[in-house]
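K.L.:
Please find one structure pasted underneath; my questions will follow.
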Amino acid sequence: MSSHGLHLTQCFGEPVSEAEIADADTLSAVQFDATGDYLATGDKGGRIVIFSRLDNDDPGAGHQYMPYAEFQSHESEFDYLKSLEIEERINQIQWCNPTNNALFLLSTNDKTIKLWKIYNKTLRYWEDRNAEEEGDEDRYKASPPASLSATPLQFPKKIATEKTVVANPRRVFSNAHNYHVNSISTNCDGETFISADDLRINLWNSEISDQCYNIVDIKPDAMEDLTEVITSAHFHPSHCHVMLHSSSKGTIKIGDLRASALIDNNAKVLSCPSPLGESKSFFSEIITSISDARFSPDGRYVVSRDYMSLKLWDVNMDSTPVQTIQIQQHLTPRFVQLYENDCIFDKFECAVSGDGKYVASGTYGSTFKIYDVEGGGIEAKVTMGSDGLGDASYSVEGGEGGEGEVNFREKVLHLSWEKHRDTLAVCGSNRLYIYSGQRDGNGKLCNFDGFGRPETDEEETK
């Protein structure tokens with residue numbers, strides 16, 4: 001194995017063709033916890049699977065994970081007042097601080113947020129009971145006390161058999177959103193979190209499920225005047241009073257909870273002109289909508305993803321992004337086709353490395369791209385087993401390169417970068433891919449000549 005670079009270490013999920021994948025098995029959320037020891041995924045069937053990291057002394061093998069727990073987080077419901085079916089799909093997962101050897105995480109579908117406690121439980125049974133056969137209880141009751149001396153009573157013993165992982169819903173946060181919840185974010189204070197739907201953002205205390213505070217409300221008096229919706233919201237990684245939210249207009253607002261109870265009107269706005277310039281079209285507003293925005297680990301920058309590009313913002317410079325990285329510029333001539341098959345509304349997420357030097361985001365054709373923030377430009381393009389069959393093989397190309405025929409059904413929407421190690425979890429349809437990397441002497445993660453590809457014996461000899 002090459003001494004540095006990013007390489008595929010694991011793949012979870014059945015290798016079936018795209019046509020055979022059940023919609024309920026499609027992954028819809030992925031998130032590492034703060035330590036990187038656990039990884040959680042959610043799917044459209046409302047299930048959550050947790051993986052735990054294996055202790056591995058071989059650095060060349062990369063960081064590997066094994067299944068730890070699986071449980072049903074949400075069930076499909078029906079809102080009879082609105083005659084609306086609420087899907088069980090997991091929209092987002094957020095880890096909370098662990099307590100007393102138990103894990104805690106938040107999960108949400110379109111309407112309901114749940115706080116789950118995951119812990120190890122030891123199964124026990126009673127041994128040496130006095131009444132071991134059916135009818136023994138009646139025999140002891142009917143016998144006179146003197147007869148008990150012939151058969152002395154024994155104290156039952158509790159015997160531990162095995163340990164199992166149990167997931168219990170500690171709290172359910174419901175009835176606070178009239179529109180679909182698109183994001184949740186935990187605060188660094190360990191006590192509060194926010195939930196955002198299309199028009200409102202609510203602030204919750206994790207110990208109180210029947211009360212929340214509305215901190216952003218963009219709903220107009222008349223819905224005919226609605227011009228934008230909220231697309232994502234995240235807390236600052238180290239300042240518990242600072243948060244951001246993005247909108248379908250391509251703007252990012254950073255607010256301070258100390259300044260005002262409603263922070264929407266007292267926020268710093270990050271915005272830039274449309275990528276199509278003055279020649280606005282029917283698709284201008286769609287492609288400028290930000291699908292994901294988050295702070296860098298140090299809180300100095302904001303990374304945002306719209307349909308066409310990634311943008312890196314300095315929080316102290318609101319007029320223009322520091323860097324704009326084009327991801328899907330080659331799709332510009334295909335807007336009509338993308339609109340007809342609804343792909344133009346796909347919500348791509350972005351992930352930032354723990355040191356903030358690299359940013360990753362997905363695209364079509366089972367491909368995701370990694371960008372060097374400091375060096376500028378694309379660092380690598382990784383294509384996972386696009387046919388979904390056989391081994392989870394992939395190829396890597398440096399530079400932008402040309403784009404040929406694109407399979408719009410195979411897309412990478414969700415990915416997560418572990419904070420303390422160069423480990424990347426990527427969702428591709430019903431499969432989870434784990435990539436691990438090592439830096440070279442210059443602190444570079446990727447090299448185009450041997451980007452994580454297994455070396456042959458001849459290459460190693462050279």
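By convention here, the chains of the structure tokens are called A, B, ... in the order presented, each chain's residues are numbered starting at 1, and ligands are numbered starting at 1 in the order presented.
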Could you give me, as a ChimeraX atom specification, each residue of stretch 181-251 of chain A that DSSP assigns to strand (DSSP E or B) when run on this structure's backbone?

P.N.:
/A:183-186,192-196,200-205,212-217,230-235,242-247

K.L.:
Env of A:Ala167: 7 Å cut, atoms = only C-alpha atoms, seq-sep filter 6 positions within chain, self excluded. Answer as a list of chain:residue names.

P.N.:
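The contact residues come out as A:Phe71, A:Trp116, A:Lys117, A:Ile118, A:Tyr119.
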
K.L.:
Set the distance at 6 Å and use only C-alpha atoms: which residues neighbour A:Ser195 once local chain neighbours fewer than 6 positions away are removed? I'd like the list as a ChimeraX atom specification.

P.N.:
/A:183-184,201-202

K.L.:
Export C-alpha atoms of the chosen residues as an mmCIF file, in the first residue's frame?

P.N.:
data_model
loop_
_atom_site.group_PDB
_atom_site.id
_atom_site.type_symbol
_atom_site.label_atom_id
_atom_site.label_comp_id
_atom_site.auth_asym_id
_atom_site.auth_seq_id
_atom_site.Cartn_x
_atom_site.Cartn_y
_atom_site.Cartn_z
ATOM 1 C CA SER A 183 -31.411 20.167 9.510
ATOM 2 C CA ILE A 184 -30.537 19.851 13.182
ATOM 3 C CA ILE A 201 -35.520 27.760 13.250
ATOM 4 C CA ASN A 202 -36.214 26.637 16.804
#

K.L.:
Within 9 Å of A:Tyr433, counting only C-alpha atoms, which residues qualify if same-chain residues fewer than 6 places away don't, as JSON, numbers by chain?

P.N.:
{"A": [8, 9, 10, 11, 12, 13, 384, 392, 424, 425, 426, 427]}

K.L.:
Could you save the residues just selected, with all heavy atoms, as a PDB file, in the first residue's frame?

P.N.:
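Written file, again.pdb:
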ATOM      1  N   LEU A   8      -9.442   3.204  -0.140  1.00  0.00           N
ATOM      2  CA  LEU A   8     -10.673   2.556   0.296  1.00  0.00           C
ATOM      3  C   LEU A   8     -10.322   1.429   1.264  1.00  0.00           C
ATOM      4  O   LEU A   8      -9.544   0.536   0.948  1.00  0.00           O
ATOM      5  CB  LEU A   8     -11.431   2.005  -0.908  1.00  0.00           C
ATOM      6  CG  LEU A   8     -12.739   1.260  -0.610  1.00  0.00           C
ATOM      7  CD1 LEU A   8     -13.772   2.215  -0.048  1.00  0.00           C
ATOM      8  CD2 LEU A   8     -13.258   0.599  -1.879  1.00  0.00           C
ATOM      9  N   THR A   9     -10.900   1.459   2.452  1.00  0.00           N
ATOM     10  CA  THR A   9     -10.621   0.431   3.452  1.00  0.00           C
ATOM     11  C   THR A   9     -11.797  -0.504   3.673  1.00  0.00           C
ATOM     12  O   THR A   9     -11.597  -1.677   3.990  1.00  0.00           O
ATOM     13  CB  THR A   9     -10.237   1.071   4.799  1.00  0.00           C
ATOM     14  OG1 THR A   9     -11.303   1.936   5.247  1.00  0.00           O
ATOM     15  CG2 THR A   9      -8.965   1.893   4.658  1.00  0.00           C
ATOM     16  N   GLN A  10     -13.026  -0.017   3.537  1.00  0.00           N
ATOM     17  CA  GLN A  10     -14.188  -0.851   3.787  1.00  0.00           C
ATOM     18  C   GLN A  10     -15.372  -0.424   2.935  1.00  0.00           C
ATOM     19  O   GLN A  10     -15.443   0.730   2.487  1.00  0.00           O
ATOM     20  CB  GLN A  10     -14.600  -0.773   5.268  1.00  0.00           C
ATOM     21  CG  GLN A  10     -13.711  -1.542   6.223  1.00  0.00           C
ATOM     22  CD  GLN A  10     -14.182  -1.376   7.646  1.00  0.00           C
ATOM     23  OE1 GLN A  10     -14.079  -0.299   8.225  1.00  0.00           O
ATOM     24  NE2 GLN A  10     -14.701  -2.442   8.225  1.00  0.00           N
ATOM     25  N   CYS A  11     -16.283  -1.366   2.757  1.00  0.00           N
ATOM     26  CA  CYS A  11     -17.540  -1.064   2.072  1.00  0.00           C
ATOM     27  C   CYS A  11     -18.638  -1.923   2.695  1.00  0.00           C
ATOM     28  O   CYS A  11     -18.482  -3.140   2.831  1.00  0.00           O
ATOM     29  CB  CYS A  11     -17.434  -1.337   0.572  1.00  0.00           C
ATOM     30  SG  CYS A  11     -18.965  -0.999  -0.325  1.00  0.00           S
ATOM     31  N   PHE A  12     -19.718  -1.292   3.107  1.00  0.00           N
ATOM     32  CA  PHE A  12     -20.854  -1.987   3.703  1.00  0.00           C
ATOM     33  C   PHE A  12     -22.055  -1.852   2.770  1.00  0.00           C
ATOM     34  O   PHE A  12     -22.287  -0.797   2.196  1.00  0.00           O
ATOM     35  CB  PHE A  12     -21.206  -1.399   5.069  1.00  0.00           C
ATOM     36  CG  PHE A  12     -20.095  -1.516   6.081  1.00  0.00           C
ATOM     37  CD1 PHE A  12     -19.195  -0.474   6.262  1.00  0.00           C
ATOM     38  CD2 PHE A  12     -19.952  -2.651   6.850  1.00  0.00           C
ATOM     39  CE1 PHE A  12     -18.179  -0.565   7.189  1.00  0.00           C
ATOM     40  CE2 PHE A  12     -18.939  -2.758   7.778  1.00  0.00           C
ATOM     41  CZ  PHE A  12     -18.041  -1.716   7.961  1.00  0.00           C
ATOM     42  N   GLY A  13     -22.834  -2.903   2.661  1.00  0.00           N
ATOM     43  CA  GLY A  13     -24.027  -2.871   1.822  1.00  0.00           C
ATOM     44  C   GLY A  13     -23.984  -3.942   0.752  1.00  0.00           C
ATOM     45  O   GLY A  13     -22.921  -4.361   0.298  1.00  0.00           O
ATOM     46  N   MET A 384     -16.456   5.707  -7.146  1.00  0.00           N
ATOM     47  CA  MET A 384     -16.694   4.436  -6.491  1.00  0.00           C
ATOM     48  C   MET A 384     -17.342   3.478  -7.482  1.00  0.00           C
ATOM     49  O   MET A 384     -17.852   3.904  -8.498  1.00  0.00           O
ATOM     50  CB  MET A 384     -17.598   4.649  -5.270  1.00  0.00           C
ATOM     51  CG  MET A 384     -17.063   5.711  -4.332  1.00  0.00           C
ATOM     52  SD  MET A 384     -18.182   6.086  -2.984  1.00  0.00           S
ATOM     53  CE  MET A 384     -19.601   6.694  -3.858  1.00  0.00           C
ATOM     54  N   ALA A 392     -15.870  -3.067  -4.224  1.00  0.00           N
ATOM     55  CA  ALA A 392     -16.030  -1.610  -4.201  1.00  0.00           C
ATOM     56  C   ALA A 392     -14.786  -0.957  -4.780  1.00  0.00           C
ATOM     57  O   ALA A 392     -14.016  -0.302  -4.100  1.00  0.00           O
ATOM     58  CB  ALA A 392     -16.264  -1.140  -2.776  1.00  0.00           C
ATOM     59  N   LEU A 424     -12.925   9.286   5.797  1.00  0.00           N
ATOM     60  CA  LEU A 424     -14.078   9.865   5.106  1.00  0.00           C
ATOM     61  C   LEU A 424     -15.122   8.782   4.898  1.00  0.00           C
ATOM     62  O   LEU A 424     -14.816   7.689   4.402  1.00  0.00           O
ATOM     63  CB  LEU A 424     -13.630  10.444   3.764  1.00  0.00           C
ATOM     64  CG  LEU A 424     -14.581  11.377   3.023  1.00  0.00           C
ATOM     65  CD1 LEU A 424     -14.841  12.635   3.830  1.00  0.00           C
ATOM     66  CD2 LEU A 424     -14.002  11.753   1.665  1.00  0.00           C
ATOM     67  N   ALA A 425     -16.353   9.043   5.329  1.00  0.00           N
ATOM     68  CA  ALA A 425     -17.477   8.128   5.110  1.00  0.00           C
ATOM     69  C   ALA A 425     -18.346   8.700   3.998  1.00  0.00           C
ATOM     70  O   ALA A 425     -18.783   9.856   4.078  1.00  0.00           O
ATOM     71  CB  ALA A 425     -18.283   7.953   6.389  1.00  0.00           C
ATOM     72  N   VAL A 426     -18.601   7.902   2.982  1.00  0.00           N
ATOM     73  CA  VAL A 426     -19.324   8.363   1.793  1.00  0.00           C
ATOM     74  C   VAL A 426     -20.489   7.425   1.526  1.00  0.00           C
ATOM     75  O   VAL A 426     -20.330   6.197   1.534  1.00  0.00           O
ATOM     76  CB  VAL A 426     -18.394   8.404   0.564  1.00  0.00           C
ATOM     77  CG1 VAL A 426     -19.132   8.979  -0.636  1.00  0.00           C
ATOM     78  CG2 VAL A 426     -17.141   9.218   0.855  1.00  0.00           C
ATOM     79  N   CYS A 427     -21.665   7.995   1.297  1.00  0.00           N
ATOM     80  CA  CYS A 427     -22.866   7.209   0.986  1.00  0.00           C
ATOM     81  C   CYS A 427     -23.059   7.158  -0.516  1.00  0.00           C
ATOM     82  O   CYS A 427     -23.101   8.197  -1.181  1.00  0.00           O
ATOM     83  CB  CYS A 427     -24.105   7.831   1.636  1.00  0.00           C
ATOM     84  SG  CYS A 427     -24.071   7.828   3.425  1.00  0.00           S
TER      85      CYS A 427
END

K.L.:
Please compute the atom CA of A:His414-atom CA of A:Leu432 distance, one decimal, in Å.

P.N.:
10.0 Å

K.L.:
Based on DSSP run over this structure's backbone, return all residues of stretch 308-359 of chain A in helix (DSSP H, G or I), as number ranges by chain.

P.N.:
A: 329-340, 343-345

K.L.:
Take the residues that were just selected and, keeping N, CA, C and O atoms, output them as a PDB file, in the first residue's frame.

P.N.:
ATOM      1  N   GLN A 329     -19.868  22.472 -13.453  1.00  0.00           N
ATOM      2  CA  GLN A 329     -20.028  23.470 -14.509  1.00  0.00           C
ATOM      3  C   GLN A 329     -20.344  22.819 -15.852  1.00  0.00           C
ATOM      4  O   GLN A 329     -21.017  23.418 -16.697  1.00  0.00           O
ATOM      5  N   HIS A 330     -19.890  21.580 -16.034  1.00  0.00           N
ATOM      6  CA  HIS A 330     -20.118  20.891 -17.300  1.00  0.00           C
ATOM      7  C   HIS A 330     -21.580  20.529 -17.515  1.00  0.00           C
ATOM      8  O   HIS A 330     -21.978  20.125 -18.608  1.00  0.00           O
ATOM      9  N   LEU A 331     -22.421  20.674 -16.449  1.00  0.00           N
ATOM     10  CA  LEU A 331     -23.834  20.332 -16.576  1.00  0.00           C
ATOM     11  C   LEU A 331     -24.691  21.505 -17.035  1.00  0.00           C
ATOM     12  O   LEU A 331     -25.906  21.351 -17.201  1.00  0.00           O
ATOM     13  N   THR A 332     -24.091  22.661 -17.246  1.00  0.00           N
ATOM     14  CA  THR A 332     -24.858  23.845 -17.640  1.00  0.00           C
ATOM     15  C   THR A 332     -25.721  23.612 -18.884  1.00  0.00           C
ATOM     16  O   THR A 332     -26.895  23.999 -18.901  1.00  0.00           O
ATOM     17  N   PRO A 333     -25.226  22.971 -19.928  1.00  0.00           N
ATOM     18  CA  PRO A 333     -26.087  22.752 -21.106  1.00  0.00           C
ATOM     19  C   PRO A 333     -27.218  21.746 -20.862  1.00  0.00           C
ATOM     20  O   PRO A 333     -28.088  21.590 -21.717  1.00  0.00           O
ATOM     21  N   ARG A 334     -27.206  21.065 -19.723  1.00  0.00           N
ATOM     22  CA  ARG A 334     -28.189  20.007 -19.480  1.00  0.00           C
ATOM     23  C   ARG A 334     -29.247  20.409 -18.447  1.00  0.00           C
ATOM     24  O   ARG A 334     -29.890  19.537 -17.857  1.00  0.00           O
ATOM     25  N   PHE A 335     -29.422  21.691 -18.221  1.00  0.00           N
ATOM     26  CA  PHE A 335     -30.370  22.135 -17.195  1.00  0.00           C
ATOM     27  C   PHE A 335     -31.792  21.643 -17.477  1.00  0.00           C
ATOM     28  O   PHE A 335     -32.517  21.259 -16.560  1.00  0.00           O
ATOM     29  N   VAL A 336     -32.198  21.664 -18.733  1.00  0.00           N
ATOM     30  CA  VAL A 336     -33.560  21.229 -19.073  1.00  0.00           C
ATOM     31  C   VAL A 336     -33.737  19.756 -18.734  1.00  0.00           C
ATOM     32  O   VAL A 336     -34.743  19.351 -18.126  1.00  0.00           O
ATOM     33  N   GLN A 337     -32.766  18.937 -19.093  1.00  0.00           N
ATOM     34  CA  GLN A 337     -32.828  17.512 -18.776  1.00  0.00           C
ATOM     35  C   GLN A 337     -32.835  17.286 -17.272  1.00  0.00           C
ATOM     36  O   GLN A 337     -33.590  16.453 -16.756  1.00  0.00           O
ATOM     37  N   LEU A 338     -32.009  18.031 -16.545  1.00  0.00           N
ATOM     38  CA  LEU A 338     -31.943  17.892 -15.100  1.00  0.00           C
ATOM     39  C   LEU A 338     -33.248  18.326 -14.433  1.00  0.00           C
ATOM     40  O   LEU A 338     -33.660  17.754 -13.422  1.00  0.00           O
ATOM     41  N   TYR A 339     -33.890  19.328 -15.000  1.00  0.00           N
ATOM     42  CA  TYR A 339     -35.166  19.798 -14.457  1.00  0.00           C
ATOM     43  C   TYR A 339     -36.268  18.771 -14.697  1.00  0.00           C
ATOM     44  O   TYR A 339     -37.103  18.522 -13.818  1.00  0.00           O
ATOM     45  N   GLU A 340     -36.258  18.144 -15.851  1.00  0.00           N
ATOM     46  CA  GLU A 340     -37.303  17.177 -16.176  1.00  0.00           C
ATOM     47  C   GLU A 340     -37.212  15.919 -15.306  1.00  0.00           C
ATOM     48  O   GLU A 340     -38.232  15.315 -14.978  1.00  0.00           O
ATOM     49  N   CYS A 343     -33.431  16.094 -11.011  1.00  0.00           N
ATOM     50  CA  CYS A 343     -32.087  16.043 -10.444  1.00  0.00           C
ATOM     51  C   CYS A 343     -31.552  17.426 -10.085  1.00  0.00           C
ATOM     52  O   CYS A 343     -30.655  17.549  -9.246  1.00  0.00           O
ATOM     53  N   ILE A 344     -32.088  18.456 -10.696  1.00  0.00           N
ATOM     54  CA  ILE A 344     -31.605  19.801 -10.415  1.00  0.00           C
ATOM     55  C   ILE A 344     -31.952  20.227  -8.992  1.00  0.00           C
ATOM     56  O   ILE A 344     -31.411  21.208  -8.472  1.00  0.00           O
ATOM     57  N   PHE A 345     -32.836  19.476  -8.346  1.00  0.00           N
ATOM     58  CA  PHE A 345     -33.215  19.785  -6.962  1.00  0.00           C
ATOM     59  C   PHE A 345     -32.444  18.926  -5.945  1.00  0.00           C
ATOM     60  O   PHE A 345     -32.753  18.965  -4.760  1.00  0.00           O
TER      61      PHE A 345
END

K.L.:
One decimal, in Å: what's the spacing between atom CA of A:Ala351 and atom CA of A:Lys268?

P.N.:
22.9 Å

K.L.:
Please determine, counting only C-alpha atoms, which residue among A:Asn175, A:Gln94, A:Thr108, A:Gln326 has the shortest atom-to-atom distance to A:Gln31.

P.N.:
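The shortest atom-to-atom distance to A:Gln31 comes from A:Gln94.
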